[in-house]
Every structure is written in C-alpha cells, then in structure tokens.
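Engineer: As input, take target38.pdb (PDB, C-alpha atoms and all ligand atoms):
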```pdb
ATOM      1  CA  MET T1229     -75.617  31.174  46.488  1.00  0.00           C
ATOM      2  CA  ALA T1230     -74.312  34.663  47.103  1.00  0.00           C
ATOM      3  CA  GLY T1231     -76.901  37.388  46.786  1.00  0.00           C
ATOM      4  CA  ARG T1232     -76.623  40.417  44.591  1.00  0.00           C
ATOM      5  CA  VAL T1233     -77.704  43.919  45.404  1.00  0.00           C
ATOM      6  CA  LEU T1234     -79.961  45.421  42.764  1.00  0.00           C
ATOM      7  CA  ARG T1235     -81.689  48.761  42.418  1.00  0.00           C
ATOM      8  CA  HIS T1236     -85.473  48.827  42.424  1.00  0.00           C
ATOM      9  CA  TYR T1237     -87.340  51.140  40.009  1.00  0.00           C
ATOM     10  CA  CYS T1238     -87.812  53.601  42.849  1.00  0.00           C
ATOM     11  CA  GLY T1239     -84.106  53.711  43.684  1.00  0.00           C
ATOM     12  CA  GLN T1240     -84.241  51.418  46.735  1.00  0.00           C
ATOM     13  CA  LEU T1241     -81.400  48.885  47.028  1.00  0.00           C
ATOM     14  CA  ILE T1242     -82.603  45.320  47.463  1.00  0.00           C
ATOM     15  CA  ARG T1243     -80.557  42.166  47.900  1.00  0.00           C
ATOM     16  CA  VAL T1244     -81.699  39.280  45.744  1.00  0.00           C
ATOM     17  CA  GLU T1245     -80.810  35.637  46.225  1.00  0.00           C
ATOM     18  CA  VAL T1246     -81.721  33.031  43.669  1.00  0.00           C
ATOM     19  CA  PHE T1247     -82.852  29.576  44.772  1.00  0.00           C
ATOM     20  CA  GLN T1248     -83.623  26.546  42.662  1.00  0.00           C
ATOM     21  CA  SER T1249     -86.655  24.432  43.412  1.00  0.00           C
ATOM     22  CA  HIS T1250     -87.586  21.489  41.160  1.00  0.00           C
ATOM     23  CA  GLY T1251     -85.567  23.036  38.366  1.00  0.00           C
ATOM     24  CA  GLU T1252     -87.330  26.378  38.737  1.00  0.00           C
ATOM     25  CA  ILE T1253     -85.374  29.491  39.606  1.00  0.00           C
ATOM     26  CA  ILE T1254     -87.001  31.461  42.416  1.00  0.00           C
ATOM     27  CA  PRO T1255     -85.615  34.840  43.499  1.00  0.00           C
ATOM     28  CA  LYS T1256     -85.931  35.820  47.148  1.00  0.00           C
ATOM     29  CA  PHE T1257     -85.739  39.448  48.190  1.00  0.00           C
ATOM     30  CA  PHE T1258     -84.022  40.816  51.273  1.00  0.00           C
ATOM     31  CA  ASN T1259     -83.875  44.202  52.909  1.00  0.00           C
ATOM     32  CA  TYR T1260     -80.502  45.664  51.964  1.00  0.00           C
ATOM     33  CA  VAL T1261     -80.108  47.187  55.440  1.00  0.00           C
ATOM     34  CA  ASN T1262     -81.145  44.463  57.901  1.00  0.00           C
ATOM     35  CA  ASN T1263     -81.201  41.396  55.638  1.00  0.00           C
ATOM     36  CA  ALA T1264     -84.802  40.566  56.583  1.00  0.00           C
ATOM     37  CA  HIS T1265     -86.745  38.605  53.980  1.00  0.00           C
ATOM     38  CA  ILE T1266     -89.191  40.949  52.237  1.00  0.00           C
ATOM     39  CA  VAL T1267     -91.984  40.616  49.674  1.00  0.00           C
ATOM     40  CA  ASN T1268     -92.593  44.357  49.264  1.00  0.00           C
ATOM     41  CA  CYS T1269     -90.125  47.087  48.444  1.00  0.00           C
ATOM     42  CA  PRO T1270     -89.343  48.867  51.759  1.00  0.00           C
ATOM     43  CA  ASN T1271     -89.391  52.223  49.947  1.00  0.00           C
ATOM     44  CA  CYS T1272     -92.293  52.195  47.453  1.00  0.00           C
ATOM     45  CA  SER T1273     -94.022  49.076  48.911  1.00  0.00           C
ATOM     46  CA  ALA T1274     -94.557  47.583  45.445  1.00  0.00           C
ATOM     47  CA  VAL T1275     -94.799  43.792  45.448  1.00  0.00           C
ATOM     48  CA  LEU T1276     -91.458  42.292  44.423  1.00  0.00           C
ATOM     49  CA  ASP T1277     -92.547  39.726  41.863  1.00  0.00           C
ATOM     50  CA  THR T1278     -90.475  36.960  40.378  1.00  0.00           C
ATOM     51  CA  ASP T1279     -90.212  38.787  37.018  1.00  0.00           C
ATOM     52  CA  TRP T1280     -88.381  41.703  38.510  1.00  0.00           C
ATOM     53  CA  CYS T1281     -84.645  41.334  38.115  1.00  0.00           C
ATOM     54  CA  GLY T1282     -83.660  44.902  38.953  1.00  0.00           C
ATOM     55  CA  SER T1283     -81.285  47.241  37.233  1.00  0.00           C
ATOM     56  CA  PRO T1284     -77.784  45.800  37.172  1.00  0.00           C
ATOM     57  CA  TRP T1285     -76.401  49.280  37.856  1.00  0.00           C
ATOM     58  CA  LEU T1286     -76.606  50.583  41.381  1.00  0.00           C
ATOM     59  CA  VAL T1287     -75.360  54.049  40.501  1.00  0.00           C
ATOM     60  CA  GLU T1288     -77.320  56.702  38.654  1.00  0.00           C
ATOM     61  CA  PRO T1289     -75.928  58.441  35.566  1.00  0.00           C
ATOM     62  CA  MET T1290     -74.384  61.874  36.189  1.00  0.00           C
ATOM     63  CA  ASP T1291     -73.720  65.012  34.167  1.00  0.00           C
ATOM     64  CA  ASP T1292     -70.556  64.641  32.115  1.00  0.00           C
ATOM     65  CA  ASN T1293     -68.483  67.125  34.181  1.00  0.00           C
ATOM     66  CA  ILE T1294     -69.634  65.707  37.499  1.00  0.00           C
ATOM     67  CA  ALA T1295     -68.844  62.193  36.233  1.00  0.00           C
ATOM     68  CA  GLN T1296     -65.395  63.383  35.128  1.00  0.00           C
ATOM     69  CA  TYR T1297     -64.794  65.082  38.487  1.00  0.00           C
ATOM     70  CA  THR T1298     -65.956  61.995  40.410  1.00  0.00           C
ATOM     71  CA  SER T1299     -63.771  59.611  38.441  1.00  0.00           C
ATOM     72  CA  THR T1300     -60.615  61.684  38.987  1.00  0.00           C
ATOM     73  CA  ASN T1301     -61.193  62.889  42.562  1.00  0.00           C
ATOM     74  CA  LYS T1302     -63.131  60.176  44.348  1.00  0.00           C
ATOM     75  CA  TYR T1303     -62.573  56.596  45.423  1.00  0.00           C
ATOM     76  CA  CYS T1304     -64.878  53.580  45.216  1.00  0.00           C
ATOM     77  CA  SER T1305     -66.859  53.161  48.455  1.00  0.00           C
ATOM     78  CA  ASN T1306     -66.603  49.348  48.220  1.00  0.00           C
ATOM     79  CA  CYS T1307     -62.932  48.679  47.522  1.00  0.00           C
ATOM     80  CA  TRP T1308     -61.406  52.167  47.871  1.00  0.00           C
ATOM     81  CA  GLY T1309     -60.093  51.721  44.345  1.00  0.00           C
ATOM     82  CA  TYR T1310     -59.445  54.783  42.207  1.00  0.00           C
ATOM     83  CA  GLU T1311     -59.788  53.344  38.716  1.00  0.00           C
ATOM     84  CA  PHE T1312     -63.137  54.094  37.143  1.00  0.00           C
ATOM     85  CA  GLN T1313     -64.643  53.763  33.726  1.00  0.00           C
ATOM     86  CA  LEU T1314     -67.302  56.103  32.395  1.00  0.00           C
ATOM     87  CA  VAL T1315     -70.212  54.198  30.896  1.00  0.00           C
ATOM     88  CA  PRO T1316     -72.722  56.220  28.855  1.00  0.00           C
ATOM     89  CA  ALA T1317     -76.354  55.629  29.870  1.00  0.00           C
ATOM     90  CA  LYS T1318     -79.358  55.850  27.571  1.00  0.00           C
ATOM     91  CA  ASP T1319     -83.055  55.412  28.186  1.00  0.00           C
ATOM     92  CA  LEU T1320     -85.223  52.966  26.238  1.00  0.00           C
ATOM     93  CA  GLU T1321     -85.736  55.519  23.427  1.00  0.00           C
ATOM     94  CA  GLY T1322     -81.998  55.991  23.091  1.00  0.00           C
ATOM     95  CA  ASN T1323     -81.869  59.450  24.720  1.00  0.00           C
ATOM     96  CA  TYR T1324     -78.560  60.188  26.415  1.00  0.00           C
ATOM     97  CA  LEU T1325     -78.925  60.319  30.223  1.00  0.00           C
ATOM     98  CA  GLY T1326     -75.336  60.952  31.261  1.00  0.00           C
ATOM     99  CA  MET T1327     -72.374  58.886  32.398  1.00  0.00           C
ATOM    100  CA  ARG T1328     -72.248  56.159  35.018  1.00  0.00           C
ATOM    101  CA  VAL T1329     -68.996  56.158  36.973  1.00  0.00           C
ATOM    102  CA  ILE T1330     -68.204  52.482  37.395  1.00  0.00           C
ATOM    103  CA  CYS T1331     -65.370  51.098  39.512  1.00  0.00           C
ATOM    104  CA  VAL T1332     -63.138  48.900  37.328  1.00  0.00           C
ATOM    105  CA  SER T1333     -62.977  46.173  40.027  1.00  0.00           C
ATOM    106  CA  CYS T1334     -66.520  46.335  41.413  1.00  0.00           C
ATOM    107  CA  GLN T1335     -68.377  46.808  38.105  1.00  0.00           C
ATOM    108  CA  GLU T1336     -72.136  46.302  38.721  1.00  0.00           C
ATOM    109  CA  GLU T1337     -71.490  46.245  42.471  1.00  0.00           C
ATOM    110  CA  THR T1338     -70.333  49.882  42.468  1.00  0.00           C
ATOM    111  CA  ILE T1339     -72.500  51.615  45.054  1.00  0.00           C
ATOM    112  CA  GLY T1340     -70.955  55.028  45.540  1.00  0.00           C
ATOM    113  CA  TYR T1341     -67.865  57.140  46.036  1.00  0.00           C
ATOM    114  CA  VAL T1342     -65.857  58.450  48.941  1.00  0.00           C
ATOM    115  CA  SER T1343     -63.280  61.197  49.310  1.00  0.00           C
ATOM    116  CA  GLU T1344     -59.622  60.768  50.129  1.00  0.00           C
ATOM    117  CA  GLN T1345     -60.216  62.476  53.504  1.00  0.00           C
ATOM    118  CA  TYR T1346     -62.846  59.864  54.347  1.00  0.00           C
ATOM    119  CA  ILE T1347     -60.415  57.009  53.620  1.00  0.00           C
ATOM    120  CA  ARG T1348     -57.678  58.642  55.708  1.00  0.00           C
ATOM    121  CA  ARG T1349     -60.050  59.067  58.631  1.00  0.00           C
ATOM    122  CA  GLN T1350     -61.168  55.423  58.383  1.00  0.00           C
ATOM    123  CA  GLN T1351     -57.564  54.261  58.222  1.00  0.00           C
ATOM    124  CA  SER T1352     -56.562  56.201  61.332  1.00  0.00           C
ATOM    125  CA  GLU T1353     -59.579  54.743  63.174  1.00  0.00           C
ATOM    126  CA  ASP T1354     -58.519  51.256  62.028  1.00  0.00           C
ATOM    127  CA  TYR T1355     -55.059  51.985  63.414  1.00  0.00           C
ATOM    128  CA  ILE T1356     -56.488  53.008  66.801  1.00  0.00           C
ATOM    129  CA  HIS T1357     -58.531  49.761  66.874  1.00  0.00           C
ATOM    130  CA  TYR T1358     -55.476  47.794  65.843  1.00  0.00           C
ATOM    131  CA  ARG T1359     -53.465  49.249  68.728  1.00  0.00           C
ATOM    132  CA  LYS T1360     -56.220  48.354  71.181  1.00  0.00           C
ATOM    133  CA  ASP T1361     -56.538  44.839  69.707  1.00  0.00           C
ATOM    134  CA  ILE T1362     -52.835  44.081  69.793  1.00  0.00           C
ATOM    135  CA  ASN T1363     -52.551  45.173  73.439  1.00  0.00           C
ATOM    136  CA  GLY T1364     -55.615  43.081  74.282  1.00  0.00           C
ATOM    137  CA  ILE T1365     -53.873  40.020  72.831  1.00  0.00           C
ATOM    138  CA  LEU T1366     -50.590  40.753  74.615  1.00  0.00           C
ATOM    139  CA  GLN T1367     -52.394  41.243  77.933  1.00  0.00           C
ATOM    140  CA  ALA T1368     -54.276  37.958  77.477  1.00  0.00           C
ATOM    141  CA  LEU T1369     -50.947  36.231  76.942  1.00  0.00           C
ATOM    142  CA  GLY T1370     -49.536  37.881  80.059  1.00  0.00           C
ATOM    143  CA  LEU T1371     -47.013  39.872  78.031  1.00  0.00           C
ATOM    144  CA  PRO T1372     -46.154  43.542  78.517  1.00  0.00           C
ATOM    145  CA  ILE T1373     -48.239  45.856  76.393  1.00  0.00           C
ATOM    146  CA  ILE T1374     -46.757  48.029  73.676  1.00  0.00           C
ATOM    147  CA  CYS T1375     -46.609  51.716  74.395  1.00  0.00           C
ATOM    148  CA  PHE T1376     -47.663  53.467  71.205  1.00  0.00           C
ATOM    149  CA  THR T1377     -46.223  56.895  71.689  1.00  0.00           C
ATOM    150  CA  SER T1378     -45.858  59.567  69.084  1.00  0.00           C
ATOM    151  CA  GLU T1379     -42.518  60.249  67.472  1.00  0.00           C
ATOM    152  CA  LYS T1380     -42.338  63.554  69.320  1.00  0.00           C
ATOM    153  CA  GLN T1381     -42.745  61.793  72.656  1.00  0.00           C
ATOM    154  CA  ASN T1382     -40.127  59.171  71.750  1.00  0.00           C
ATOM    155  CA  LEU T1383     -37.608  61.909  71.020  1.00  0.00           C
ATOM    156  CA  LYS T1384     -38.447  63.618  74.315  1.00  0.00           C
ATOM    157  CA  GLU T1385     -37.823  60.358  76.188  1.00  0.00           C
ATOM    158  CA  LEU T1386     -34.445  60.082  74.487  1.00  0.00           C
ATOM    159  CA  GLY T1387     -33.588  63.538  75.775  1.00  0.00           C
ATOM    160  CA  PHE T1388     -34.037  65.577  72.604  1.00  0.00           C
TER     161      PHE T1388
HETATM  162 ZN    ZN R1401     -89.334  50.296  45.252  1.00  0.00          ZN
HETATM  163 ZN    ZN R1402     -64.592  49.198  43.735  1.00  0.00          ZN
END
```
As a first step, turn the structure in this file into structure tokens.
Ligand SMILES: [Zn+2]
Ligand SMILES: [Zn+2]
Structural biologist:
Amino acid sequence: MAGRVLRHYCGQLIRVEVFQSHGEIIPKFFNYVNNAHIVNCPNCSAVLDTDWCGSPWLVEPMDDNIAQYTSTNKYCSNCWGYEFQLVPAKDLEGNYLGMRVICVSCQEETIGYVSEQYIRRQQSEDYIHYRKDINGILQALGLPIICFTSEKQNLKELGF
C-alpha cells in the first residue's frame, strides 16, 4: 500500500504506511527524508502511537494577502501546477487561522510552492542532462553524437 505523508503536531513530515494484520489496521511510521522505519518523531521525539493519524494538510494556513499572492504567483512544488484553491482554516474553537493554499491536483499532498524562476532553472538543468544522456546512448550504439550548438553558433557556421 502506498504511504502518505502527514504532518506531526510539531510540524515534522512523517510518512505513514498502513498494514493489515489479522483484520487489524496497523500504521507504520517512516522518516520522510531517509525512509527509515521510526517509532519516535525525528523532530520532537514523541512516540508515534497507533492513534495518531496526523493532519491531512501538509501546509500551514497563511495570512489572506500572502495566500492570495502565493496562489497567483507561485507554482506547486510537487506537480508544478499553477491552479490553487484557498481553503479557510479554523482551530477547534472555530477561530479563523488563515487560508491554506492547496494545489487543485495534489490536494492533501500539497507540500509547498516554488517560483517560476526555480522551474525554469530546473528545466534548463533537465535539458543539459538530456543532452548528455542522448549522446551517451548514441555513443553506446556507435553512432555519431549530436552537436548541440547555440543558434548563434549555427548561424556563424553558415557564414552569417
Ligand atoms: Zn513531532
Ligand atoms: Zn500540485
């Protein structure tokens, strides 16, 4: 069964997998970073008991204007989507805490937000890796490698 990442009371992210044993549902807890099986929260060291199911929301509520700014200017860090919904958050007494900015596709799995510049940088790095990968494959097949030159250089070679 696929695990879910939940937020501990202290803010720590913990991955939870649910197993069934003799009809009983037993959650197992894993370190979100290295996937090691844990029985204590790595942040606050509280014992992770079987009653704890975590908050389904990984993101904290924000001030209304910050939430508005985030939803219009940022992208989801999971899927790089840009469609968000603002979900009002209240505490147990019904006091308004602010808005949660939730990715429409990732819902409870929304972890955070990235900027457009971040995505562009990642994409150009992916492209560099792609160029290396494709030439690695061509070389392995004994084929000539592709020369990825810039447009400027191509024009120069053509005599412009
Ligand atoms: Zn904790
Ligand atoms: Zn998303």
Engineer: If you count only C-alpha atoms and all ligand atoms, which residues end up within 9 Å of ligand ZN 1402 (chain R), as number ranges by chain?
Structural biologist: T: 1303-1312, 1330-1335, 1337-1341
Engineer: Report the residues retrieved by the PyMOL selection byres (((chain T and resi 1260) around 6) and not hetatm) from the displayed file, expressed as a list in words.
Structural biologist: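 Residues picked by the PyMOL selection byres (((chain T and resi 1260) around 6) and not hetatm): Leu1241, Ile1242, Arg1243, Asn1259, Val1261 and Asn1263 of chain T.
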Engineer: Rank T:Arg1328, T:Arg1348, T:His1357, T:Arg1235 by their smallest atom-to-atom distance to ligand ZN 1401 (chain R), using all atoms listed in the file, and report the top residue only.
Structural biologist: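 Using all atoms listed in the file, the shortest distance to ligand ZN 1401 (chain R) belongs to T:Arg1235.
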Engineer: Mind listing the residues within 12 Å of ligand ZN 1401 (chain R), only C-alpha atoms and all ligand atoms counted, as a list in words?
Structural biologist: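 Checking only C-alpha atoms and all ligand atoms against ligand ZN 1401 (chain R) at 12 Å gives Leu1234, Arg1235, His1236, Tyr1237, Cys1238, Gly1239, Gln1240, Leu1241, Ile1242, Phe1257, Asn1259, Ile1266, Val1267, Asn1268, Cys1269, Pro1270, Asn1271, Cys1272, Ser1273, Ala1274, Val1275, Leu1276, Asp1277, Trp1280, Gly1282 and Ser1283 of chain T.
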Engineer: Grab the atom CA of Val1233 of chain T to atom CA of Ser1352 of chain T distance for me, in Å with one decimal place.
Structural biologist: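 Taking atom CA of Val1233 of chain T as the start and atom CA of Ser1352 of chain T as the end point, the length is 29.2 Å.
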